[in-house]
Amino acid sequence: MKKINIFILTLTLLLCSVSPSVAKQTKANKKNSQDYKIEYLNLKWWEKYNDPTLNEYLIKAYENNYDLKIANLNVKQAQQVVKESFAQQLPHFGIQGNIFRDLQSSDVRLGDVVINDYSQSNFVLPLTMTYELDIWGENYLKTKAIKKQVEMIKENERATYIALTSQLASEYFNLIKLDKLIKNQEELVNLQTEIARMAEIKYNNGLAPITELLAEKKILTSFKEELNAYYDTRLVIGREIGVLTGQREVENKYLKRNDYNNLTLIEVPESISAEVIKYRPDLLKVEDYIEKIGIDVKVARRDFLPKFLIYGQAGFNAYQLTNIFGNHTFKSNIGFMPSLDLFTGGAKMAHFRYKKLEYQKAQQTYEKTILTSIQEVNNSLSSADMAKKNYEQSLKRFKLAEDEYNLSNRKFEIGAKSKMDNMRAKEVLLLAEKSNVSNKINYAIASINVYKAIGGKDFTTINEKL
């Protein structure tokens, strides 16, 4: 009894000495978990657009978006798998109670001693321990491989953050664009309605052919159709923003947004060093995957080696339940069991070769990811450059149309131009402005696409860091 008390006391002290450090580490991990998620959000970058409302939506998405929550849960699940794997490296303790009864035994002979047939109960209550000696480091490598798997899942989570914040910002800018386009289109509809009315008066007075009246009415219907399409698109984008920010019921009139005239553009550089792809989550994920498969190959190779298991029991064995904790019922044993698989039908060799081929495949995937990453970065830069040029040209055209309208307005004031012609000049100005609005927002979204393509980094200073 004294021996078992010492054993239990020692085990309790060991558990108590481990618990505080584990709790402290868990608390630190929880804090670090929040820190890296804030880093993934990258609010410092989005502040460059000088739009507090956009930052508010990003915070709402961080708090409420279900894709981000699912990605975070995937990371937490993977971390539990690491703990589960690490537990395989530790001794296993358990209690295996056993109660059985010999109803009628045969005679038992111990040499010349004969024990006649008997009936009896047996009560066994042992504390069992098993521990596999990790001499070759196989279990340690398994845990290490799973940790690499966690890093891969974290890169998936970061990719989700980058994709979702980029999508949210793009939809937000599209919402601002549609506000401006709708305002512009409503003015076009009002102008064309008045032009069509005046054309009808001219036709009724015999001053214009029917073809002119029909042409003006056709233009009016096309303007109205376009306005309806803008209304519908704005509703769709508003609902998408609601989903991205985790809001169940959202109406456009309650969605805050910046005014188009206050929109800030970020200058996109003409070129970025190819080294920028090292920040991309897909490339980092493949790098972790190569390391993980390399570890798996080592594990598969060491699986050919013998394994060594230590086992033991300490507990009570009695034939009467009332005497199970008696002085002479304590029982203990310990053993050492080496094992080596001599023939497995080639299963281990097949598994080893499979992992080696998987490693080669991972290397090929890495090379492909590099090429794809460079392509996406270059494509995003080309698109941004084209969007910038289109914006600059549309801005020039808008200013020319503005000058033309001002000239037309002065002619109208002195009676050198009719009201209908002056209204048509205003329509030309509004159409040029509509094109300029679209190109400006397209350039803003193109800058977001560059940010996404380089792995969620600030491209305005990234060339300086490389």
# chains A, B, ... in the order shown; residues from 1 in each chain; ligands from 1
>>> select_by_dssp(residues="region 312-400 of chain A", states="strand (DSSP E or B)", output="MDAnalysis selection string")
chainID A and resid 312:318 330:339
>>> write_last_selection(atoms="N, CA and C atoms", output="PDB file, in the first residue's frame")
ATOM      1  N   GLY A 312       3.660  -1.390 -18.260  1.00  0.00           N
ATOM      2  CA  GLY A 312       3.640  -1.784 -16.851  1.00  0.00           C
ATOM      3  C   GLY A 312       2.258  -1.638 -16.259  1.00  0.00           C
ATOM      4  N   GLN A 313       2.067  -2.299 -15.122  1.00  0.00           N
ATOM      5  CA  GLN A 313       0.807  -2.231 -14.398  1.00  0.00           C
ATOM      6  C   GLN A 313       1.091  -2.135 -12.905  1.00  0.00           C
ATOM      7  N   ALA A 314       0.228  -1.400 -12.233  1.00  0.00           N
ATOM      8  CA  ALA A 314       0.293  -1.323 -10.775  1.00  0.00           C
ATOM      9  C   ALA A 314      -1.140  -1.175 -10.275  1.00  0.00           C
ATOM     10  N   GLY A 315      -1.582  -2.142  -9.457  1.00  0.00           N
ATOM     11  CA  GLY A 315      -2.961  -2.071  -9.007  1.00  0.00           C
ATOM     12  C   GLY A 315      -3.279  -3.164  -8.000  1.00  0.00           C
ATOM     13  N   PHE A 316      -4.524  -3.578  -8.006  1.00  0.00           N
ATOM     14  CA  PHE A 316      -4.993  -4.517  -6.988  1.00  0.00           C
ATOM     15  C   PHE A 316      -5.643  -5.718  -7.660  1.00  0.00           C
ATOM     16  N   ASN A 317      -5.450  -6.872  -7.027  1.00  0.00           N
ATOM     17  CA  ASN A 317      -6.035  -8.119  -7.519  1.00  0.00           C
ATOM     18  C   ASN A 317      -6.553  -8.892  -6.312  1.00  0.00           C
ATOM     19  N   ALA A 318      -7.870  -9.042  -6.252  1.00  0.00           N
ATOM     20  CA  ALA A 318      -8.474  -9.687  -5.082  1.00  0.00           C
ATOM     21  C   ALA A 318      -9.562 -10.639  -5.536  1.00  0.00           C
ATOM     22  N   PHE A 330      -1.989  -5.875  -3.523  1.00  0.00           N
ATOM     23  CA  PHE A 330      -1.256  -5.049  -4.478  1.00  0.00           C
ATOM     24  C   PHE A 330      -0.451  -5.922  -5.441  1.00  0.00           C
ATOM     25  N   LYS A 331      -0.537  -5.544  -6.742  1.00  0.00           N
ATOM     26  CA  LYS A 331       0.155  -6.316  -7.762  1.00  0.00           C
ATOM     27  C   LYS A 331       0.770  -5.354  -8.771  1.00  0.00           C
ATOM     28  N   SER A 332       1.975  -5.611  -9.228  1.00  0.00           N
ATOM     29  CA  SER A 332       2.629  -4.745 -10.211  1.00  0.00           C
ATOM     30  C   SER A 332       3.505  -5.588 -11.125  1.00  0.00           C
ATOM     31  N   ASN A 333       3.686  -5.063 -12.363  1.00  0.00           N
ATOM     32  CA  ASN A 333       4.594  -5.712 -13.300  1.00  0.00           C
ATOM     33  C   ASN A 333       5.093  -4.675 -14.290  1.00  0.00           C
ATOM     34  N   ILE A 334       6.198  -4.939 -14.915  1.00  0.00           N
ATOM     35  CA  ILE A 334       6.779  -4.049 -15.918  1.00  0.00           C
ATOM     36  C   ILE A 334       7.432  -4.907 -16.991  1.00  0.00           C
ATOM     37  N   GLY A 335       7.407  -4.399 -18.237  1.00  0.00           N
ATOM     38  CA  GLY A 335       7.976  -5.188 -19.317  1.00  0.00           C
ATOM     39  C   GLY A 335       8.543  -4.307 -20.416  1.00  0.00           C
ATOM     40  N   PHE A 336       9.354  -4.899 -21.237  1.00  0.00           N
ATOM     41  CA  PHE A 336       9.987  -4.214 -22.362  1.00  0.00           C
ATOM     42  C   PHE A 336       9.771  -5.078 -23.601  1.00  0.00           C
ATOM     43  N   MET A 337       9.137  -4.498 -24.648  1.00  0.00           N
ATOM     44  CA  MET A 337       8.741  -5.308 -25.792  1.00  0.00           C
ATOM     45  C   MET A 337       9.267  -4.695 -27.094  1.00  0.00           C
ATOM     46  N   PRO A 338      10.328  -5.240 -27.662  1.00  0.00           N
ATOM     47  CA  PRO A 338      10.759  -4.812 -28.996  1.00  0.00           C
ATOM     48  C   PRO A 338       9.944  -5.529 -30.062  1.00  0.00           C
ATOM     49  N   SER A 339       9.717  -4.833 -31.192  1.00  0.00           N
ATOM     50  CA  SER A 339       8.964  -5.445 -32.281  1.00  0.00           C
ATOM     51  C   SER A 339       9.545  -4.991 -33.616  1.00  0.00           C
TER      52      SER A 339
END
>>> residues_around(residues="Ala387 (chain A)", least_positions_apart="6", cutoff="9 Å", atoms="only C-alpha atoms", output="JSON, numbers by chain")
{"A": [439, 440, 442, 443, 444, 446]}
>>> residues_around(residues="Ile445 (chain A)", least_positions_apart="2", cutoff="12 Å", atoms="only C-alpha atoms", output="number ranges by chain")
A: 49, 166-177, 263-268, 380-381, 383-385, 387-388, 438-443, 447-452
>>> closest_residue(among="A:His92, A:Thr53, A:Asp102, A:Tyr161", to="Lys37 (chain A)", atoms="only C-alpha atoms")
A:Tyr161
>>> closest_residue(among="A:Ala196, A:Val377, A:Ala347, A:Ile99", to="Ala274 (chain A)", atoms="only C-alpha atoms")
A:Val377
>>> residues_around(residues="Glu287 (chain A)", least_positions_apart="5", cutoff="12 Å", atoms="only C-alpha atoms", output="MDAnalysis selection string")
chainID A and resid 148:149 151:152 155 278:282 292:294 359 362:367 369:370
>>> atom_distance(atom1="CA of Lys83 (chain A)", atom2="CA of Gln360 (chain A)")
28.9 Å
>>> select_by_dssp(residues="region 212-359 of chain A", states="alpha helix (DSSP H)", output="MDAnalysis selection string")
chainID A and resid 212:244 281:302 347:359
>>> closest_atom_pairs(of="region 39-79 of chain A", to="region 226-246 of chain A", cutoff="10 Å", atoms="only C-alpha atoms", output="JSON lines")
{"residue": "A:Glu56", "atom": "CA", "partner": "A:Thr245", "partner_atom": "CA", "distance": 9.8}
{"residue": "A:Tyr57", "atom": "CA", "partner": "A:Thr245", "partner_atom": "CA", "distance": 6.5}
{"residue": "A:Leu58", "atom": "CA", "partner": "A:Thr245", "partner_atom": "CA", "distance": 7.5}
{"residue": "A:Ile59", "atom": "CA", "partner": "A:Thr245", "partner_atom": "CA", "distance": 8.3}
{"residue": "A:Lys60", "atom": "CA", "partner": "A:Thr245", "partner_atom": "CA", "distance": 5.3}
{"residue": "A:Ala61", "atom": "CA", "partner": "A:Thr245", "partner_atom": "CA", "distance": 4.1}
{"residue": "A:Tyr62", "atom": "CA", "partner": "A:Thr245", "partner_atom": "CA", "distance": 7.7}
{"residue": "A:Glu63", "atom": "CA", "partner": "A:Thr245", "partner_atom": "CA", "distance": 8.0}
{"residue": "A:Asn64", "atom": "CA", "partner": "A:Gly246", "partner_atom": "CA", "distance": 4.7}
{"residue": "A:Asn65", "atom": "CA", "partner": "A:Gly246", "partner_atom": "CA", "distance": 4.8}
{"residue": "A:Tyr66", "atom": "CA", "partner": "A:Gly246", "partner_atom": "CA", "distance": 6.8}
{"residue": "A:Asp67", "atom": "CA", "partner": "A:Leu244", "partner_atom": "CA", "distance": 8.5}
{"residue": "A:Leu68", "atom": "CA", "partner": "A:Leu244", "partner_atom": "CA", "distance": 9.7}
>>> closest_residue(among="A:Leu284, A:Glu187, A:Leu213, A:Lys396", to="Ile201 (chain A)", atoms="only C-alpha atoms")
A:Leu213
>>> atom_distance(atom1="CA of Leu110 (chain A)", atom2="CA of Thr329 (chain A)")
22.1 Å
>>> closest_residue(among="A:Asn98, A:Asn50, A:Ser382, A:Thr461", to="Ser271 (chain A)", atoms="only C-alpha atoms")
A:Ser382
>>> residues_around(residues="Tyr319 (chain A)", least_positions_apart="2", cutoff="7 Å", atoms="only C-alpha atoms", output="MDAnalysis selection string")
chainID A and resid 121:123 321
>>> write_last_selection(atoms="C-alpha atoms", output="PDB file, in the first residue's frame")
ATOM      1  CA  SER A 121     -14.664 -14.416  -8.419  1.00  0.00           C
ATOM      2  CA  ASN A 122     -11.685 -12.245  -9.360  1.00  0.00           C
ATOM      3  CA  PHE A 123     -11.537  -8.444  -9.047  1.00  0.00           C
ATOM      4  CA  LEU A 321     -14.618  -7.186  -3.399  1.00  0.00           C
TER       5      LEU A 321
END
>>> closest_residue(among="A:Thr165, A:Asn204, A:Asn409, A:Ser418", to="Trp46 (chain A)", atoms="only C-alpha atoms")
A:Thr165
